[in-house]
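Chemist: The structure file target-v3.cif (mmCIF, C-alpha atoms and all ligand atoms) is provided below.
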```
data_work
#
loop_
_atom_site.label_atom_id
_atom_site.label_comp_id
_atom_site.auth_asym_id
_atom_site.auth_seq_id
_atom_site.Cartn_x
_atom_site.Cartn_y
_atom_site.Cartn_z
CA MET I 1 30.05 -0.48 -2.21
CA LYS I 2 29.77 -0.86 -5.96
CA LYS I 3 26.98 0.82 -7.89
CA ILE I 4 23.58 -0.91 -7.78
CA GLY I 5 21.20 -1.52 -10.69
CA LEU I 6 17.56 -1.64 -9.53
CA PHE I 7 15.38 -3.42 -12.10
CA TYR I 8 11.58 -3.23 -11.99
CA SER I 9 8.69 -2.20 -14.21
CA PHE I 10 8.13 1.56 -14.23
CA ASN I 11 4.45 0.91 -15.09
CA THR I 12 3.62 -0.83 -11.81
CA LYS I 13 1.92 0.72 -8.82
CA ASN I 14 3.20 -1.09 -5.75
CA THR I 15 6.53 -2.35 -7.10
CA SER I 16 7.41 1.20 -8.19
CA LYS I 17 6.53 2.62 -4.78
CA ILE I 18 8.89 0.17 -3.09
CA ALA I 19 11.65 0.94 -5.62
CA GLU I 20 11.38 4.65 -4.77
CA GLN I 21 11.44 3.86 -1.04
CA ILE I 22 14.53 1.69 -1.45
CA LYS I 23 16.34 4.43 -3.36
CA LYS I 24 15.42 7.00 -0.71
CA SER I 25 16.38 4.82 2.27
CA PHE I 26 19.59 3.62 0.60
CA ALA I 27 20.74 7.22 0.15
CA ASP I 28 24.43 6.43 0.73
CA ALA I 29 24.51 4.00 -2.24
CA GLU I 30 24.63 4.88 -5.91
CA ILE I 31 21.52 3.34 -7.51
CA ASP I 32 20.43 3.37 -11.17
CA MET I 33 16.75 2.65 -11.76
CA VAL I 34 16.21 0.54 -14.89
CA ASN I 35 12.84 -0.27 -16.49
CA VAL I 36 12.66 -4.03 -16.94
CA GLU I 37 10.07 -3.56 -19.71
CA THR I 38 12.76 -2.18 -22.03
CA VAL I 39 15.92 -3.65 -20.47
CA THR I 40 18.70 -5.19 -22.55
CA SER I 41 21.12 -7.93 -21.49
CA GLY I 42 23.92 -5.38 -21.65
CA GLN I 43 22.15 -3.11 -19.17
CA PHE I 44 21.60 -6.02 -16.77
CA LEU I 45 25.20 -7.21 -17.01
CA ALA I 46 26.56 -3.70 -16.38
CA TYR I 47 26.12 -4.12 -12.61
CA ASP I 48 27.74 -6.42 -10.05
CA ASN I 49 25.15 -5.46 -7.41
CA ILE I 50 21.60 -5.97 -8.63
CA ILE I 51 18.17 -5.50 -7.04
CA CYS I 52 15.08 -6.87 -8.83
CA GLY I 53 11.48 -6.01 -7.93
CA VAL I 54 8.99 -8.75 -8.77
CA PRO I 55 5.29 -8.95 -7.95
CA THR I 56 3.44 -12.27 -8.35
CA TRP I 57 0.58 -12.36 -10.84
CA PHE I 58 -1.75 -14.89 -12.48
CA ASP I 59 -1.95 -17.24 -9.46
CA GLY I 60 1.72 -17.92 -8.92
CA GLU I 61 3.36 -16.59 -12.09
CA LEU I 62 5.82 -13.91 -13.07
CA PRO I 63 4.28 -10.80 -14.63
CA ASN I 64 4.63 -10.67 -18.45
CA TYR I 65 7.49 -8.17 -18.52
CA TRP I 66 9.73 -10.39 -16.35
CA ASP I 67 8.63 -13.48 -18.23
CA GLU I 68 9.66 -11.90 -21.52
CA PHE I 69 13.17 -11.20 -20.17
CA VAL I 70 13.66 -14.79 -18.93
CA PRO I 71 15.09 -16.15 -22.24
CA ASP I 72 17.73 -13.37 -22.13
CA LEU I 73 18.52 -14.17 -18.49
CA GLU I 74 18.90 -17.85 -19.36
CA ASP I 75 21.63 -16.92 -21.86
CA MET I 76 23.65 -14.96 -19.29
CA ASP I 77 26.64 -15.95 -17.21
CA LEU I 78 25.85 -14.34 -13.85
CA LYS I 79 28.90 -15.62 -11.94
CA GLY I 80 30.28 -12.79 -9.83
CA LYS I 81 26.91 -11.01 -9.64
CA THR I 82 25.25 -10.40 -6.27
CA VAL I 83 21.47 -10.17 -6.55
CA ALA I 84 18.86 -9.14 -3.97
CA LEU I 85 15.17 -9.61 -4.79
CA TYR I 86 12.10 -8.00 -3.34
CA GLY I 87 8.75 -9.59 -4.00
CA LEU I 88 5.19 -8.35 -3.71
CA GLY I 89 2.27 -10.60 -2.95
CA ASP I 90 -1.00 -10.96 -1.09
CA GLN I 91 -0.82 -13.63 1.63
CA LYS I 92 -4.57 -13.59 2.35
CA GLY I 93 -5.79 -13.48 -1.25
CA TYR I 94 -3.25 -16.00 -2.60
CA PRO I 95 -2.11 -18.15 0.36
CA GLU I 96 -1.23 -21.11 -1.92
CA ASN I 97 0.99 -19.01 -4.21
CA PHE I 98 2.28 -16.32 -1.92
CA LEU I 99 5.25 -14.58 -3.60
CA ASP I 100 5.84 -17.44 -6.04
CA GLY I 101 7.25 -14.97 -8.60
CA LEU I 102 10.09 -14.14 -6.21
CA GLY I 103 11.03 -17.83 -6.02
CA ILE I 104 10.70 -18.37 -9.77
CA LEU I 105 12.98 -15.45 -10.65
CA GLY I 106 15.42 -16.33 -7.83
CA GLU I 107 15.82 -19.89 -9.12
CA ILE I 108 16.50 -18.68 -12.68
CA LEU I 109 19.14 -16.20 -11.52
CA GLU I 110 20.83 -18.79 -9.31
CA ASN I 111 20.90 -21.32 -12.16
CA GLN I 112 22.86 -18.76 -14.17
CA GLY I 113 25.43 -18.42 -11.39
CA ALA I 114 24.23 -15.38 -9.44
CA ARG I 115 24.70 -15.23 -5.67
CA LEU I 116 21.39 -14.39 -4.01
CA VAL I 117 21.44 -12.25 -0.85
CA GLY I 118 18.86 -10.43 1.25
CA PHE I 119 16.99 -13.49 2.52
CA THR I 120 14.49 -12.69 5.30
CA SER I 121 12.54 -14.57 7.97
CA VAL I 122 9.03 -15.94 7.26
CA GLU I 123 8.03 -14.98 10.80
CA GLY I 124 5.10 -12.55 10.86
CA TYR I 125 3.50 -13.84 7.63
CA THR I 126 0.62 -16.35 7.32
CA PHE I 127 0.27 -18.46 4.15
CA GLU I 128 0.07 -22.07 2.96
CA ASN I 129 2.65 -22.37 0.20
CA SER I 130 5.33 -20.29 -1.43
CA ARG I 131 8.01 -21.04 -4.00
CA ALA I 132 9.93 -18.15 -2.47
CA VAL I 133 10.68 -20.05 0.76
CA ARG I 134 13.89 -21.96 1.28
CA SER I 135 14.89 -23.33 4.70
CA ASP I 136 12.31 -21.16 6.49
CA LYS I 137 13.42 -17.97 4.78
CA PHE I 138 12.07 -15.92 1.90
CA MET I 139 14.63 -15.63 -0.91
CA GLY I 140 14.42 -11.85 -0.56
CA LEU I 141 12.31 -9.10 0.97
CA ALA I 142 8.59 -9.97 1.21
CA ILE I 143 6.17 -7.06 0.79
CA ASP I 144 2.40 -7.39 1.23
CA PHE I 145 0.66 -4.09 0.50
CA GLU I 146 -2.85 -5.55 0.82
CA ASN I 147 -2.49 -6.87 4.37
CA GLN I 148 0.67 -5.46 5.96
CA GLY I 149 1.39 -2.18 4.18
CA SER I 150 2.05 -0.41 7.47
CA LEU I 151 5.13 -2.64 7.96
CA ASN I 152 6.73 -1.72 4.60
CA GLU I 153 8.93 1.03 5.92
CA GLU I 154 10.49 -0.92 8.78
CA ARG I 155 10.89 -4.03 6.62
CA ILE I 156 12.66 -2.04 3.89
CA SER I 157 14.95 -0.29 6.31
CA ALA I 158 16.00 -3.56 8.02
CA TRP I 159 16.60 -5.14 4.60
CA ILE I 160 18.79 -2.29 3.46
CA GLY I 161 20.85 -2.65 6.63
CA GLN I 162 21.38 -6.28 5.67
CA LEU I 163 22.32 -5.44 2.06
CA ARG I 164 24.96 -2.99 3.28
CA SER I 165 26.96 -5.97 4.54
CA GLU I 166 25.91 -8.48 1.84
CA PHE I 167 26.55 -6.43 -1.31
CA GLN I 168 30.03 -6.16 -2.82
C1 LIG A 201 -5.07 -10.90 -10.78
C2 LIG A 201 -4.08 -10.90 -9.62
C3 LIG A 201 -3.35 -12.06 -9.37
C4 LIG A 201 -2.46 -12.12 -8.29
N1 LIG A 201 -1.80 -13.29 -8.00
C5 LIG A 201 -1.02 -13.36 -6.90
C6 LIG A 201 -0.40 -14.58 -6.52
O1 LIG A 201 -0.53 -15.62 -7.17
N2 LIG A 201 0.40 -14.60 -5.42
C7 LIG A 201 0.60 -13.49 -4.63
O2 LIG A 201 1.30 -13.56 -3.63
N3 LIG A 201 0.01 -12.29 -4.98
C8 LIG A 201 -0.79 -12.19 -6.07
N4 LIG A 201 -1.38 -11.00 -6.41
C9 LIG A 201 -1.13 -9.82 -5.57
C10 LIG A 201 -0.10 -8.87 -6.20
O3 LIG A 201 1.17 -9.48 -6.30
C11 LIG A 201 0.01 -7.62 -5.34
O4 LIG A 201 -1.21 -6.92 -5.39
C12 LIG A 201 1.16 -6.68 -5.71
O5 LIG A 201 1.28 -5.70 -4.70
C13 LIG A 201 0.95 -6.02 -7.06
O6 LIG A 201 2.06 -5.20 -7.35
P1 LIG A 201 2.11 -4.20 -8.60
O7 LIG A 201 1.04 -3.14 -8.35
O8 LIG A 201 3.45 -3.60 -8.56
O9 LIG A 201 1.86 -5.03 -9.82
C14 LIG A 201 -2.28 -10.96 -7.48
C15 LIG A 201 -3.00 -9.79 -7.76
C16 LIG A 201 -3.92 -9.76 -8.80
C17 LIG A 201 -4.71 -8.51 -9.03
#
```
Could I get this file's structure written as structure tokens?
Modeler:
Amino acid sequence: MKKIGLFYSFNTKNTSKIAEQIKKSFADAEIDMVNVETVTSGQFLAYDNIICGVPTWFDGELPNYWDEFVPDLEDMDLKGKTVALYGLGDQKGYPENFLDGLGILGEILENQGARLVGFTSVEGYTFENSRAVRSDKFMGLAIDFENQGSLNEERISAWIGQLRSEFQ
């Protein structure tokens, strides 16, 4: 498997914890951690296998640091890139916007030609609406620290098993 670039904000609490868990559980892969708050287009384009960590903020929006990188992403040709997203949200607190940020970022990356992988079942989650759902699947790994934190470990490990066959 080719080297993986894992992009997330180093200043987050929950997103950073999941990034560390992914790196630990994916011990047989070579993973570079990259801070999305200071990332350049060149750093993003350096990888063919990409993981992005994205919490949802502001009632269904991307956090500022991802939002600020969107214009750069919209200038990129991402054909040939395989991207897996993990999203963080709170299904009880924000049932109308659960994980919207995951869907927003996923759509942008797809529009630029990236192939999204790592889709997971919506079974086991309760919410009203989510931009991250397509054909009954989340467009990535769905993490809910507030309500289902005890499931993080098994969800991450199943997802990594899936990425082993879906990454290049
Ligand atoms: C002000 C605020 C707004 C939020 N908005 C949403 C939302 O619209 N949808 C959602 O699923 N989660 C929402 N959340 C939950 C966060 O995504 C969740 O707590 C996440 O784990 C935060 O990750 P972080 O610590 O890495 O930023 C919100 C949380 C806060 C505090």
Chemist: Would you mind reading off the distance between CA of Thr15 in chain I and CA of Arg131 in chain I, one decimal, in Å?
Modeler: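 These two atoms are separated by 19.0 Å.
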Chemist: Around ligand LIG 201 (chain A), which protein and nucleic acid residues have at least one atom no more than 6 Å from it, if we count all atoms listed in the file? List them as a ChimeraX atom specification.
Modeler: /I:12-15,55-60,88-91,94,97-99,145
Chemist: CA of Leu105 in chain I and CA of Ile50 in chain I, how far apart in Å?
Modeler: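 Atom-to-atom, CA of Ile50 in chain I and CA of Leu105 in chain I are spaced 13.0 Å apart.
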Chemist: Please list as a PDB file with C-alpha atoms, in the frame of the given file every residue within 9 Å of Leu73 in chain I, counting only C-alpha atoms and excluding residues in the same chain fewer than 4 positions away.
Modeler:
```
ATOM      1  CA  SER I  41      21.120  -7.930 -21.490  1.00  0.00           C
ATOM      2  CA  PHE I  44      21.600  -6.020 -16.770  1.00  0.00           C
ATOM      3  CA  PHE I  69      13.170 -11.200 -20.170  1.00  0.00           C
ATOM      4  CA  ASP I  77      26.640 -15.950 -17.210  1.00  0.00           C
ATOM      5  CA  LEU I  78      25.850 -14.340 -13.850  1.00  0.00           C
ATOM      6  CA  ILE I 108      16.500 -18.680 -12.680  1.00  0.00           C
ATOM      7  CA  LEU I 109      19.140 -16.200 -11.520  1.00  0.00           C
ATOM      8  CA  GLN I 112      22.860 -18.760 -14.170  1.00  0.00           C
TER       9      GLN I 112
END
```
Chemist: Using all atoms listed in the file, find all polymer residues with an atom at most 12 Å away from the point (22.3, -8.7, -10.5); report them as a ChimeraX atom specification.
Modeler: /I:2-7,34,41-53,73,76-85,105-106,108-110,112-117,167-168
Chemist: Pull C-alpha atoms from the residues just selected and write them as an mmCIF file, keeping the file's coordinate frame.
Modeler:
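Full text of again.cif as output:
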```
data_model
loop_
_atom_site.group_PDB
_atom_site.id
_atom_site.type_symbol
_atom_site.label_atom_id
_atom_site.label_comp_id
_atom_site.auth_asym_id
_atom_site.auth_seq_id
_atom_site.Cartn_x
_atom_site.Cartn_y
_atom_site.Cartn_z
ATOM 1 C CA LYS I 2 29.770 -0.860 -5.960
ATOM 2 C CA LYS I 3 26.980 0.820 -7.890
ATOM 3 C CA ILE I 4 23.580 -0.910 -7.780
ATOM 4 C CA GLY I 5 21.200 -1.520 -10.690
ATOM 5 C CA LEU I 6 17.560 -1.640 -9.530
ATOM 6 C CA PHE I 7 15.380 -3.420 -12.100
ATOM 7 C CA VAL I 34 16.210 0.540 -14.890
ATOM 8 C CA SER I 41 21.120 -7.930 -21.490
ATOM 9 C CA GLY I 42 23.920 -5.380 -21.650
ATOM 10 C CA GLN I 43 22.150 -3.110 -19.170
ATOM 11 C CA PHE I 44 21.600 -6.020 -16.770
ATOM 12 C CA LEU I 45 25.200 -7.210 -17.010
ATOM 13 C CA ALA I 46 26.560 -3.700 -16.380
ATOM 14 C CA TYR I 47 26.120 -4.120 -12.610
ATOM 15 C CA ASP I 48 27.740 -6.420 -10.050
ATOM 16 C CA ASN I 49 25.150 -5.460 -7.410
ATOM 17 C CA ILE I 50 21.600 -5.970 -8.630
ATOM 18 C CA ILE I 51 18.170 -5.500 -7.040
ATOM 19 C CA CYS I 52 15.080 -6.870 -8.830
ATOM 20 C CA GLY I 53 11.480 -6.010 -7.930
ATOM 21 C CA LEU I 73 18.520 -14.170 -18.490
ATOM 22 C CA MET I 76 23.650 -14.960 -19.290
ATOM 23 C CA ASP I 77 26.640 -15.950 -17.210
ATOM 24 C CA LEU I 78 25.850 -14.340 -13.850
ATOM 25 C CA LYS I 79 28.900 -15.620 -11.940
ATOM 26 C CA GLY I 80 30.280 -12.790 -9.830
ATOM 27 C CA LYS I 81 26.910 -11.010 -9.640
ATOM 28 C CA THR I 82 25.250 -10.400 -6.270
ATOM 29 C CA VAL I 83 21.470 -10.170 -6.550
ATOM 30 C CA ALA I 84 18.860 -9.140 -3.970
ATOM 31 C CA LEU I 85 15.170 -9.610 -4.790
ATOM 32 C CA LEU I 105 12.980 -15.450 -10.650
ATOM 33 C CA GLY I 106 15.420 -16.330 -7.830
ATOM 34 C CA ILE I 108 16.500 -18.680 -12.680
ATOM 35 C CA LEU I 109 19.140 -16.200 -11.520
ATOM 36 C CA GLU I 110 20.830 -18.790 -9.310
ATOM 37 C CA GLN I 112 22.860 -18.760 -14.170
ATOM 38 C CA GLY I 113 25.430 -18.420 -11.390
ATOM 39 C CA ALA I 114 24.230 -15.380 -9.440
ATOM 40 C CA ARG I 115 24.700 -15.230 -5.670
ATOM 41 C CA LEU I 116 21.390 -14.390 -4.010
ATOM 42 C CA VAL I 117 21.440 -12.250 -0.850
ATOM 43 C CA PHE I 167 26.550 -6.430 -1.310
ATOM 44 C CA GLN I 168 30.030 -6.160 -2.820
#
```
Chemist: For a test of reading the model, state the distance in Å between CA of Thr40 in chain I and CA of Ala132 in chain I, rounded to one decimal.
Modeler: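 Answer for the CA of Thr40 in chain I to CA of Ala132 in chain I separation: 25.5 Å.
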Chemist: Considering all atoms listed in the file, state which residue in the set I:Glu153, I:Glu61, I:Asp136, I:Glu166 is at the smallest distance from Gln21 in chain I.
Modeler: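 Among the listed residues, the smallest separation from Gln21 in chain I belongs to I:Glu153.
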